[in-house]
>>> print(open('my_file.csv').read())   # CSV, C-alpha atoms and all ligand atoms
chain,number,residue,atom,x,y,z
A,1,MET,CA,-24.6,-0.2,28.9
A,2,LYS,CA,-21.0,-1.2,29.7
A,3,GLU,CA,-18.1,0.7,28.1
A,4,LEU,CA,-17.1,-0.3,24.6
A,5,SER,CA,-13.5,-1.4,23.7
A,6,GLN,CA,-11.1,1.4,24.6
A,7,LEU,CA,-8.6,0.0,22.2
A,8,VAL,CA,-10.8,-0.1,19.2
A,9,SER,CA,-12.5,3.2,20.1
A,10,SER,CA,-9.0,4.8,20.0
A,11,ILE,CA,-8.5,3.9,16.4
A,12,PRO,CA,-9.3,6.7,13.9
A,13,ALA,CA,-11.4,6.0,10.8
A,14,SER,CA,-9.3,5.8,7.6
A,15,VAL,CA,-9.1,9.4,6.3
A,16,THR,CA,-8.5,8.1,2.7
A,17,LEU,CA,-11.8,6.2,2.8
A,18,ALA,CA,-13.6,9.1,4.4
A,19,VAL,CA,-12.5,11.6,1.8
A,20,ASN,CA,-13.3,9.1,-0.9
A,21,ASP,CA,-16.8,8.5,0.5
A,22,LYS,CA,-17.4,12.2,0.7
A,23,ALA,CA,-16.4,12.7,-2.9
A,24,LYS,CA,-18.6,9.8,-4.0
A,25,ALA,CA,-21.6,11.2,-2.0
A,26,LEU,CA,-21.1,14.7,-3.6
A,27,GLN,CA,-20.9,13.0,-7.1
A,28,ALA,CA,-24.1,11.1,-6.3
A,29,ALA,CA,-25.8,14.4,-5.3
A,30,GLY,CA,-25.0,15.7,-8.8
A,31,HIS,CA,-21.8,17.7,-8.0
A,32,ASP,CA,-19.0,17.6,-10.5
A,33,VAL,CA,-16.2,16.2,-8.3
A,34,ILE,CA,-13.0,14.8,-9.6
A,35,ALA,CA,-12.1,12.0,-7.2
A,36,LEU,CA,-8.3,11.8,-6.7
A,37,ALA,CA,-8.4,10.6,-3.1
A,38,GLY,CA,-8.7,6.8,-3.5
A,39,GLY,CA,-6.2,4.2,-4.5
A,40,ASP,CA,-8.2,2.1,-7.0
A,41,PRO,CA,-6.9,1.5,-10.5
A,42,ASP,CA,-9.3,2.8,-13.2
A,43,PHE,CA,-8.5,-0.2,-15.4
A,44,ALA,CA,-10.9,-3.2,-15.5
A,45,THR,CA,-9.6,-6.5,-14.2
A,46,PRO,CA,-8.1,-8.2,-17.3
A,47,ALA,CA,-10.6,-10.5,-19.1
A,48,HIS,CA,-8.7,-13.8,-18.7
A,49,ILE,CA,-8.7,-13.3,-14.9
A,50,THR,CA,-12.4,-12.6,-14.8
A,51,ALA,CA,-13.0,-15.6,-17.0
A,52,ALA,CA,-11.0,-17.9,-14.7
A,53,ALA,CA,-13.2,-16.8,-11.8
A,54,LEU,CA,-16.4,-17.4,-13.7
A,55,ALA,CA,-15.2,-20.9,-14.8
A,56,ALA,CA,-14.2,-21.6,-11.1
A,57,ILE,CA,-17.7,-20.7,-10.0
A,58,GLU,CA,-19.3,-22.9,-12.6
A,59,ASN,CA,-17.0,-25.7,-11.6
A,60,GLY,CA,-18.2,-25.5,-8.0
A,61,ALA,CA,-15.4,-23.5,-6.3
A,62,THR,CA,-18.1,-21.9,-4.2
A,63,HIS,CA,-17.4,-23.8,-1.0
A,64,TYR,CA,-14.6,-23.5,1.5
A,65,PRO,CA,-11.3,-23.9,-0.2
A,66,ALA,CA,-8.9,-26.7,0.7
A,67,PRO,CA,-6.6,-26.2,2.3
A,68,MET,CA,-8.2,-23.1,3.9
A,69,LYS,CA,-4.9,-21.2,3.8
A,70,GLY,CA,-4.9,-21.4,0.0
A,71,ILE,CA,-5.5,-23.9,-2.8
A,72,PRO,CA,-2.3,-25.7,-3.7
A,73,SER,CA,-2.2,-24.2,-7.3
A,74,LEU,CA,-2.2,-20.7,-5.8
A,75,LEU,CA,0.4,-21.4,-3.1
A,76,GLU,CA,2.6,-22.8,-5.8
A,77,ALA,CA,2.0,-19.9,-8.2
A,78,ILE,CA,2.9,-17.5,-5.4
A,79,ALA,CA,6.1,-19.4,-4.6
A,80,GLU,CA,7.0,-19.4,-8.3
A,81,LYS,CA,6.3,-15.7,-8.6
A,82,MET,CA,8.4,-14.9,-5.6
A,83,ALA,CA,11.3,-17.0,-7.0
A,84,ARG,CA,10.9,-15.5,-10.5
A,85,ASP,CA,10.3,-11.8,-9.6
A,86,ASN,CA,11.7,-11.3,-6.2
A,87,ASN,CA,14.6,-13.8,-5.9
A,88,VAL,CA,13.0,-15.1,-2.7
A,89,ARG,CA,12.6,-18.9,-2.1
A,90,ILE,CA,9.7,-20.1,0.0
A,91,ASN,CA,8.2,-23.5,0.6
A,92,PRO,CA,4.6,-23.2,-0.8
A,93,LYS,CA,3.4,-25.7,1.8
A,94,THR,CA,4.7,-24.0,4.9
A,95,ASP,CA,5.7,-20.4,4.2
A,96,VAL,CA,2.7,-18.6,2.8
A,97,VAL,CA,-0.9,-17.9,3.7
A,98,VAL,CA,-3.5,-16.4,1.3
A,99,THR,CA,-5.6,-13.6,2.8
A,100,PRO,CA,-8.6,-11.5,1.9
A,101,GLY,CA,-6.5,-8.6,0.7
A,102,GLY,CA,-2.9,-7.4,1.5
A,103,LYS,CA,-4.3,-5.4,4.4
A,104,TRP,CA,-5.2,-8.5,6.4
A,105,ALA,CA,-1.8,-10.0,5.6
A,106,LEU,CA,-0.2,-6.9,7.2
A,107,PHE,CA,-2.3,-7.3,10.3
A,108,LEU,CA,-1.5,-11.0,10.5
A,109,ALA,CA,2.2,-10.2,10.3
A,110,LEU,CA,2.0,-7.7,13.1
A,111,ALA,CA,-0.2,-9.9,15.3
A,112,ALA,CA,2.2,-12.8,14.8
A,113,VAL,CA,5.3,-10.9,16.0
A,114,LEU,CA,4.2,-8.3,18.5
A,115,ASN,CA,3.6,-8.7,22.3
A,116,PRO,CA,1.9,-6.0,24.3
A,117,GLY,CA,4.2,-3.0,24.6
A,118,ASP,CA,6.5,-4.0,21.8
A,119,GLU,CA,7.3,-1.1,19.5
A,120,ALA,CA,6.9,-1.3,15.8
A,121,LEU,CA,8.7,1.3,13.6
A,122,TYR,CA,7.1,2.7,10.5
A,123,LEU,CA,8.4,5.2,7.9
A,124,GLU,CA,6.6,8.5,7.8
A,125,PRO,CA,4.9,9.7,5.7
A,126,VAL,CA,3.1,6.4,6.2
A,127,TRP,CA,0.1,4.7,4.6
A,128,VAL,CA,-2.8,5.6,6.9
A,129,SER,CA,-3.5,2.1,8.2
A,130,TYR,CA,-0.1,1.1,9.7
A,131,PRO,CA,-0.3,3.0,13.1
A,132,PRO,CA,-3.9,1.8,13.8
A,133,MET,CA,-2.9,-1.8,12.8
A,134,ILE,CA,0.1,-1.8,15.1
A,135,LYS,CA,-2.1,-0.6,18.0
A,136,LEU,CA,-4.8,-3.2,17.3
A,137,ALA,CA,-2.1,-5.9,17.3
A,138,GLY,CA,-1.1,-4.7,20.8
A,139,GLY,CA,2.1,-2.8,19.8
A,140,LYS,CA,3.2,0.8,20.1
A,141,PRO,CA,3.5,2.6,16.8
A,142,VAL,CA,6.8,4.6,16.5
A,143,PRO,CA,7.3,6.9,13.5
A,144,VAL,CA,10.7,7.3,11.7
A,145,SER,CA,10.1,10.7,10.2
A,146,LEU,CA,11.7,11.0,6.7
A,147,PRO,CA,12.3,14.6,5.7
A,148,SER,CA,10.6,15.9,2.6
A,149,GLU,CA,13.6,18.1,1.9
A,150,ASP,CA,15.7,15.0,1.5
A,151,ASN,CA,13.1,13.3,-0.8
A,152,PHE,CA,12.0,11.1,2.1
A,153,ARG,CA,15.3,9.2,2.0
A,154,ILE,CA,15.8,6.3,4.4
A,155,THR,CA,19.1,6.3,6.3
A,156,ALA,CA,20.5,4.0,9.0
A,157,ASP,CA,20.9,7.0,11.3
A,158,LEU,CA,17.2,7.9,11.1
A,159,LEU,CA,16.2,4.3,11.8
A,160,ARG,CA,18.7,3.9,14.6
A,161,ALA,CA,17.5,7.1,16.4
A,162,GLN,CA,14.1,5.4,17.1
A,163,ILE,CA,15.4,2.0,18.3
A,164,THR,CA,14.8,1.2,21.9
A,165,PRO,CA,15.1,-2.2,23.8
A,166,GLN,CA,11.3,-2.6,23.0
A,167,THR,CA,11.7,-2.2,19.2
A,168,LYS,CA,10.5,-5.5,17.6
A,169,ALA,CA,9.6,-4.7,14.0
A,170,LEU,CA,10.0,-2.3,11.1
A,171,MET,CA,7.4,-1.8,8.5
A,172,VAL,CA,8.5,-0.7,5.0
A,173,THR,CA,6.3,0.1,2.0
A,174,ASN,CA,8.2,-0.2,-1.2
A,175,PRO,CA,7.2,1.6,-3.5
A,176,SER,CA,5.8,4.0,-1.0
A,177,ASN,CA,2.2,5.2,-0.7
A,178,PRO,CA,2.0,8.2,-0.4
A,179,THR,CA,5.5,9.4,-1.4
A,180,GLY,CA,6.0,7.4,-4.5
A,181,ARG,CA,9.6,6.6,-3.5
A,182,VAL,CA,11.2,3.3,-4.5
A,183,VAL,CA,13.8,1.9,-2.1
A,184,THR,CA,17.4,2.1,-3.5
A,185,GLN,CA,20.2,-0.4,-2.9
A,186,GLU,CA,21.7,2.1,-0.5
A,187,GLU,CA,18.5,2.4,1.5
A,188,LEU,CA,18.0,-1.4,1.4
A,189,ASP,CA,21.5,-1.7,2.9
A,190,ALA,CA,20.6,0.7,5.7
A,191,ILE,CA,17.4,-1.3,6.5
A,192,VAL,CA,19.4,-4.6,6.5
A,193,GLU,CA,22.1,-3.1,8.7
A,194,VAL,CA,19.8,-1.7,11.4
A,195,ALA,CA,17.4,-4.7,11.3
A,196,THR,CA,20.3,-7.1,11.8
A,197,GLU,CA,22.0,-5.1,14.6
A,198,ALA,CA,18.8,-4.5,16.5
A,199,ASP,CA,17.3,-7.9,15.7
A,200,LEU,CA,14.1,-6.7,14.1
A,201,TYR,CA,11.5,-8.4,12.1
A,202,VAL,CA,10.9,-6.5,8.9
A,203,ILE,CA,7.4,-6.4,7.4
A,204,SER,CA,7.9,-5.6,3.7
A,205,ASP,CA,4.8,-4.3,2.0
A,206,GLU,CA,5.4,-4.9,-1.7
A,207,ILE,CA,1.8,-4.3,-2.9
A,208,TYR,CA,3.0,-1.6,-5.5
A,209,GLU,CA,6.0,-3.8,-6.6
A,210,LYS,CA,4.9,-3.9,-10.2
A,211,LEU,CA,4.4,-0.1,-10.5
A,212,VAL,CA,7.9,1.3,-10.8
A,213,PHE,CA,8.8,3.8,-13.4
A,214,ASP,CA,11.7,4.8,-15.7
A,215,GLY,CA,13.1,1.3,-15.9
A,216,ARG,CA,13.7,1.1,-12.1
A,217,SER,CA,14.0,-2.3,-10.4
A,218,HIS,CA,12.1,-3.3,-7.3
A,219,LEU,CA,14.3,-4.7,-4.6
A,220,SER,CA,12.7,-7.3,-2.2
A,221,ILE,CA,14.1,-7.1,1.4
A,222,ALA,CA,13.7,-10.9,1.9
A,223,ALA,CA,16.2,-11.5,-0.9
A,224,ALA,CA,19.0,-9.5,0.8
A,225,PRO,CA,21.6,-11.7,2.6
A,226,ASP,CA,20.4,-13.2,5.9
A,227,MET,CA,17.1,-11.3,5.7
A,228,ALA,CA,14.8,-14.2,4.8
A,229,GLU,CA,14.8,-15.4,8.4
A,230,ARG,CA,13.5,-12.0,9.7
A,231,THR,CA,11.4,-10.7,6.8
A,232,LEU,CA,7.7,-11.1,6.3
A,233,THR,CA,6.6,-10.2,2.7
A,234,VAL,CA,3.1,-8.8,2.0
A,235,ASN,CA,1.8,-8.7,-1.5
A,236,GLY,CA,-1.4,-9.1,-3.4
A,237,MET,CA,-3.5,-8.7,-6.5
A,238,SER,CA,-5.1,-5.3,-5.9
A,239,LYS,CA,-2.8,-2.8,-7.5
A,240,ALA,CA,-0.8,-4.8,-10.1
A,241,TYR,CA,-3.8,-6.6,-11.7
A,242,ALA,CA,-6.5,-4.0,-11.0
A,243,MET,CA,-8.2,-6.4,-8.6
A,244,THR,CA,-9.0,-4.3,-5.5
A,245,GLY,CA,-12.5,-5.6,-5.2
A,246,TRP,CA,-11.5,-9.3,-5.3
A,247,ARG,CA,-9.8,-9.0,-1.9
A,248,LEU,CA,-6.8,-11.3,-2.4
A,249,GLY,CA,-3.4,-10.9,-0.9
A,250,TRP,CA,-0.8,-13.0,0.9
A,251,LEU,CA,1.8,-13.1,3.6
A,252,ALA,CA,5.0,-15.1,3.1
A,253,GLY,CA,8.0,-15.6,5.3
A,254,PRO,CA,9.7,-17.8,7.9
A,255,THR,CA,7.9,-21.1,8.7
A,256,PRO,CA,7.5,-20.6,12.5
A,257,ILE,CA,5.9,-17.1,11.9
A,258,LEU,CA,3.7,-18.4,9.1
A,259,LYS,CA,2.6,-21.2,11.3
A,260,ILE,CA,1.0,-18.9,13.9
A,261,ALA,CA,-0.1,-16.3,11.3
A,262,THR,CA,-2.0,-19.1,9.5
A,263,ARG,CA,-3.6,-20.2,12.7
A,264,MET,CA,-4.8,-16.7,13.3
A,265,ASN,CA,-6.1,-16.5,9.8
A,266,SER,CA,-8.1,-19.7,10.3
A,267,GLN,CA,-9.6,-18.5,13.6
A,268,THR,CA,-10.7,-15.1,12.3
A,269,VAL,CA,-11.5,-14.8,8.6
A,270,SER,CA,-11.1,-18.6,7.8
A,271,SER,CA,-9.9,-18.0,4.3
A,272,ALA,CA,-10.0,-15.8,1.2
A,273,ALA,CA,-12.7,-16.5,-1.3
A,274,ASN,CA,-12.3,-19.8,-3.2
A,275,PHE,CA,-13.0,-18.7,-6.7
A,276,THR,CA,-11.0,-15.5,-6.2
A,277,MET,CA,-8.0,-17.8,-5.5
A,278,HIS,CA,-8.6,-19.4,-8.9
A,279,ALA,CA,-8.6,-16.0,-10.5
A,280,ALA,CA,-5.3,-15.2,-8.8
A,281,VAL,CA,-3.7,-18.4,-10.2
A,282,ALA,CA,-4.7,-17.2,-13.7
A,283,ALA,CA,-3.3,-13.7,-13.0
A,284,LEU,CA,0.1,-15.0,-11.6
A,285,ASN,CA,0.6,-17.7,-14.2
A,286,GLY,CA,-0.9,-15.9,-17.2
A,287,PRO,CA,0.4,-13.1,-19.5
A,288,GLN,CA,2.2,-10.3,-17.6
A,289,ASP,CA,2.4,-7.7,-20.4
A,290,ILE,CA,-1.0,-6.3,-19.1
A,291,ILE,CA,0.9,-5.0,-16.1
A,292,ALA,CA,3.5,-3.3,-18.2
A,293,GLU,CA,0.7,-1.6,-20.2
A,294,MET,CA,-1.0,-0.3,-17.1
A,295,CYS,CA,2.4,0.8,-15.6
A,296,ASP,CA,3.3,2.7,-18.8
A,297,SER,CA,-0.1,4.4,-18.6
A,298,TYR,CA,0.5,5.5,-15.0
A,299,GLN,CA,4.0,6.7,-16.0
A,300,ALA,CA,2.5,8.8,-18.9
A,301,ARG,CA,-0.1,10.3,-16.5
A,302,ARG,CA,2.7,11.1,-14.0
A,303,ASP,CA,4.7,12.9,-16.6
A,304,PHE,CA,1.7,14.9,-17.7
A,305,MET,CA,0.7,15.8,-14.2
A,306,VAL,CA,4.1,16.7,-12.8
A,307,LYS,CA,4.8,19.0,-15.7
A,308,ALA,CA,1.4,20.6,-15.7
A,309,MET,CA,1.3,21.1,-11.9
A,310,ASN,CA,4.8,22.5,-11.7
A,311,GLU,CA,3.7,25.2,-14.3
A,312,ILE,CA,1.1,26.4,-11.8
A,313,ASP,CA,2.4,29.2,-9.5
A,314,GLY,CA,2.0,28.0,-5.9
A,315,VAL,CA,2.1,24.3,-6.6
A,316,GLU,CA,5.3,22.2,-6.3
A,317,VAL,CA,5.4,18.5,-7.0
A,318,ARG,CA,8.2,15.9,-7.3
A,319,SER,CA,8.2,13.3,-10.0
A,320,VAL,CA,7.5,9.9,-8.4
A,321,GLU,CA,9.4,6.7,-8.8
A,322,GLY,CA,6.6,4.2,-8.3
A,323,ALA,CA,3.0,3.5,-7.1
A,324,PHE,CA,0.3,5.8,-8.4
A,325,TYR,CA,0.2,8.9,-6.2
A,326,LEU,CA,1.5,12.4,-6.4
A,327,PHE,CA,2.3,14.3,-3.2
A,328,PRO,CA,2.4,18.0,-4.1
A,329,ARG,CA,3.1,20.9,-1.7
A,330,PHE,CA,1.8,24.4,-1.8
A,331,PRO,CA,4.7,26.6,-0.8
A,332,HIS,CA,2.9,30.0,-0.8
A,333,SER,CA,0.0,28.7,1.3
A,334,ASP,CA,-0.3,29.1,5.1
A,335,LYS,CA,-3.1,26.6,5.2
A,336,ASN,CA,-2.6,23.2,6.8
A,337,SER,CA,-3.2,20.1,4.7
A,338,LEU,CA,-6.8,19.6,6.0
A,339,GLU,CA,-7.7,23.2,5.0
A,340,LEU,CA,-5.9,22.7,1.7
A,341,ALA,CA,-7.9,19.6,0.9
A,342,GLU,CA,-11.1,21.2,2.0
A,343,THR,CA,-10.5,24.3,-0.2
A,344,LEU,CA,-9.6,22.1,-3.1
A,345,LEU,CA,-12.9,20.2,-2.7
A,346,ASP,CA,-15.1,23.2,-2.1
A,347,LYS,CA,-13.6,25.6,-4.6
A,348,ALA,CA,-12.3,23.3,-7.4
A,349,GLY,CA,-14.3,20.1,-6.9
A,350,ILE,CA,-11.0,18.1,-6.5
A,351,ALA,CA,-11.0,15.4,-3.8
A,352,GLY,CA,-7.4,14.8,-2.6
A,353,THR,CA,-6.2,13.3,0.7
A,354,PRO,CA,-4.7,15.7,3.2
A,355,GLY,CA,-1.1,15.0,3.9
A,356,ILE,CA,-1.6,15.0,7.7
A,357,ALA,CA,-3.4,11.7,7.2
A,358,PHE,CA,0.0,10.2,6.5
A,359,GLY,CA,1.6,11.5,9.7
A,360,GLN,CA,3.2,14.8,10.8
A,361,SER,CA,5.8,14.7,8.0
A,362,GLY,CA,3.1,14.6,5.4
A,363,GLU,CA,1.8,18.0,6.6
A,364,GLY,CA,1.7,20.7,3.9
A,365,HIS,CA,1.1,18.1,1.2
A,366,VAL,CA,-2.1,16.7,-0.4
A,367,ARG,CA,-2.1,13.3,-2.1
A,368,PHE,CA,-3.6,12.9,-5.5
A,369,SER,CA,-4.1,9.5,-7.1
A,370,ILE,CA,-3.2,9.2,-10.8
A,371,ALA,CA,-5.0,5.9,-11.1
A,372,THR,CA,-7.6,8.0,-12.8
A,373,ALA,CA,-8.4,8.6,-16.5
A,374,MET,CA,-6.2,11.1,-18.3
A,375,SER,CA,-9.3,13.2,-19.2
A,376,GLU,CA,-10.1,13.6,-15.5
A,377,LEU,CA,-6.5,14.5,-14.7
A,378,GLU,CA,-6.6,17.2,-17.4
A,379,ARG,CA,-9.7,18.6,-15.9
A,380,ALA,CA,-8.1,18.5,-12.4
A,381,VAL,CA,-5.1,20.5,-13.5
A,382,ALA,CA,-7.2,23.1,-15.3
A,383,ARG,CA,-9.2,23.6,-12.1
A,384,LEU,CA,-6.1,23.6,-9.9
A,385,ALA,CA,-4.7,26.4,-12.0
A,386,LYS,CA,-7.8,28.5,-11.4
A,387,VAL,CA,-7.8,28.1,-7.6
A,388,ALA,CA,-4.1,28.0,-6.9
A,389,GLY,CA,-4.2,31.7,-5.9
A,390,GLU,CA,-6.8,31.0,-3.2
A,391,LEU,CA,-4.9,28.2,-1.6
B,401,LIG,C1,0.6,0.6,1.1
B,401,LIG,C2,-0.5,-0.3,1.0
B,401,LIG,N1,-0.5,-1.5,1.5
B,401,LIG,C3,-1.5,-2.3,1.4
B,401,LIG,C4,-2.7,-2.0,0.8
B,401,LIG,C5,-3.8,-3.0,0.9
B,401,LIG,O1,-4.3,-3.4,-0.3
B,401,LIG,P1,-5.3,-4.6,-0.4
B,401,LIG,O2,-5.9,-4.9,0.9
B,401,LIG,O3,-6.4,-4.1,-1.4
B,401,LIG,O4,-4.6,-5.8,-1.0
B,401,LIG,C6,-2.8,-0.7,0.2
B,401,LIG,C7,-4.1,-0.3,-0.4
B,401,LIG,O5,-4.3,0.9,-0.6
B,401,LIG,C8,-1.7,0.2,0.3
B,401,LIG,O6,-1.8,1.4,-0.2
>>> encode(input="my_file.csv", output="structure tokens", more="lines below")
Ligand SMILES: Cc1ncc(COP(=O)(O)O)c(C=O)c1O
Amino acid sequence: MKELSQLVSSIPASVTLAVNDKAKALQAAGHDVIALAGGDPDFATPAHITAAALAAIENGATHYPAPMKGIPSLLEAIAEKMARDNNVRINPKTDVVVTPGGKWALFLALAAVLNPGDEALYLEPVWVSYPPMIKLAGGKPVPVSLPSEDNFRITADLLRAQITPQTKALMVTNPSNPTGRVVTQEELDAIVEVATEADLYVISDEIYEKLVFDGRSHLSIAAAPDMAERTLTVNGMSKAYAMTGWRLGWLAGPTPILKIATRMNSQTVSSAANFTMHAAVAALNGPQDIIAEMCDSYQARRDFMVKAMNEIDGVEVRSVEGAFYLFPRFPHSDKNSLELAETLLDKAGIAGTPGIAFGQSGEGHVRFSIATAMSELERAVARLAKVAGEL
């Protein structure tokens, strides 16, 4: 048999999904495992959204959607949402494509701007899928390592240090998975400054936009002066509306880029699911207080977990500003993050994601999801306290 693709073979499997699968398999085999490795809200999709999908199915939205890039009511709902929440104006007819999940929107963005050998910067610790996606799109992934000691702060100098004549794009996750940081005005200014002087496209992943704590505001990069022409915004339904399984996201940005991204969407996945688009219209145009309720609940869980974990000798965790992950360190331990995650799973039945999965600057950390019922989090902390001495 001839050799398989070198490019695709070089891509690692997602560690997050692998740990999650292992935890689920252990649970299925009867082990009492607390699964904190995934990123799936424990809330049900709100009933009015599910009802809209069922009605759409009954009304025949079970064929290809028209247009394939998104039904007009959804394209308009997205444009209105972006104007309302993000202060970003887009033309719903030309500047947005609906995708099966935000993940595919990220890939379309990279594929639309990168040529072979172009470098794409990403902030590290990074969500596991960015470097493989950059490679698959033909680019070279280049980390901008953000130091844990400085609370993973983004500065113009850190960004500038990685710029070369080949640098084409910068990927920003705001709020960040896994660090829980929310970009400040000062950090946004640094991104704008460097993106403008180095003529970069910015891919702004705002999938956790609605999950910001303590009254913080989410800042959209495309809304900053002169940034709309170089910013591609990725968002979707998964995290804000507890709709991970519906697979619905979007890519929005400058018309010429969206033109080719839309072409790529049509030649690969064709479209997102039709009735899911109807559900998304109900979500975006319907009551938004459900998001605030979920966000309040994540914040309460964060408060509980941060306090309880910091009371355990050998565990250190910062309070997070957004998203639904904690990223503790284990200062007395000489284990690396893979060993730490393995010990936690074997000795305490807690599944967390090893920090190294998020790049070198995630080493020493383990990521715990707090999109998990409070009763499970309470059990996790009690178990952590028992094994902390062995870590
Ligand atoms: C940072 C980040 N971006 C994008 C996604 C993709 O979400 P989806 O494809 O479910 O919309 C995730 C999911 O975990 C994520 O954590």
>>> residues_near_ligand(input="my_file.csv", ligand="ligand LIG 401 (chain B)", cutoff="7 Å", atoms="all atoms listed in the file", output="PyMOL selection string")
chain A and resi 39+101-104+127+173+176-177+205+207+236-238+244+247-249
>>> residues_around(input="my_file.csv", residues="Thr276 (chain A)", least_positions_apart="2", cutoff="8 Å", atoms="only C-alpha atoms", output="MDAnalysis selection string")
chainID A and resid 53 246:248 272:274 278:280
>>> closest_residue(input="my_file.csv", among="A:Met1, A:Met264, A:Ala242, A:Ala228", to="Met68 (chain A)", atoms="all atoms listed in the file")
A:Met264
>>> residues_around(input="my_file.csv", residues="Gly180 (chain A)", least_positions_apart="5", cutoff="9 Å", atoms="all atoms listed in the file", output="PyMOL selection string")
chain A and resi 174-175+212+319-327
>>> atom_distance(input="my_file.csv", atom1="CA of Leu106 (chain A)", atom2="CA of Tyr130 (chain A)")
8.4 Å
>>> residues_around(input="my_file.csv", residues="Ala79 (chain A)", least_positions_apart="2", cutoff="12 Å", atoms="all atoms listed in the file", output="PyMOL selection string")
chain A and resi 72-77+81-98+233+235+250-253+281+284-285
>>> atom_distance(input="my_file.csv", atom1="CA of Gly352 (chain A)", atom2="CA of Ile34 (chain A)")
9.0 Å
>>> residues_around(input="my_file.csv", residues="Met305 (chain A)", least_positions_apart="6", cutoff="10 Å", atoms="all atoms listed in the file", output="number ranges by chain")
A: 299, 311, 317, 319, 326, 370, 374, 377-378, 380-381
>>> closest_residue(input="my_file.csv", among="A:Gly138, A:Glu293, A:Ile260, A:Ala109", to="Phe213 (chain A)", atoms="only C-alpha atoms")
A:Glu293
>>> residues_around(input="my_file.csv", residues="Asn336 (chain A)", least_positions_apart="3", cutoff="7 Å", atoms="all atoms listed in the file", output="VMD selection string")
chain A and resid 339 to 340 363 to 364
>>> atom_distance(input="my_file.csv", atom1="CA of Thr45 (chain A)", atom2="CA of Tyr241 (chain A)")
6.3 Å
>>> residues_near_point(input="my_file.csv", point="(-14.0, 27.9, -3.0)", cutoff="12 Å", atoms="all atoms listed in the file", output="list of chain:residue names")
A:Glu339, A:Leu340, A:Ala341, A:Glu342, A:Thr343, A:Leu344, A:Leu345, A:Asp346, A:Lys347, A:Ala348, A:Gly349, A:Ile350, A:Arg383, A:Leu384, A:Lys386, A:Val387, A:Ala388, A:Gly389, A:Glu390, A:Leu391
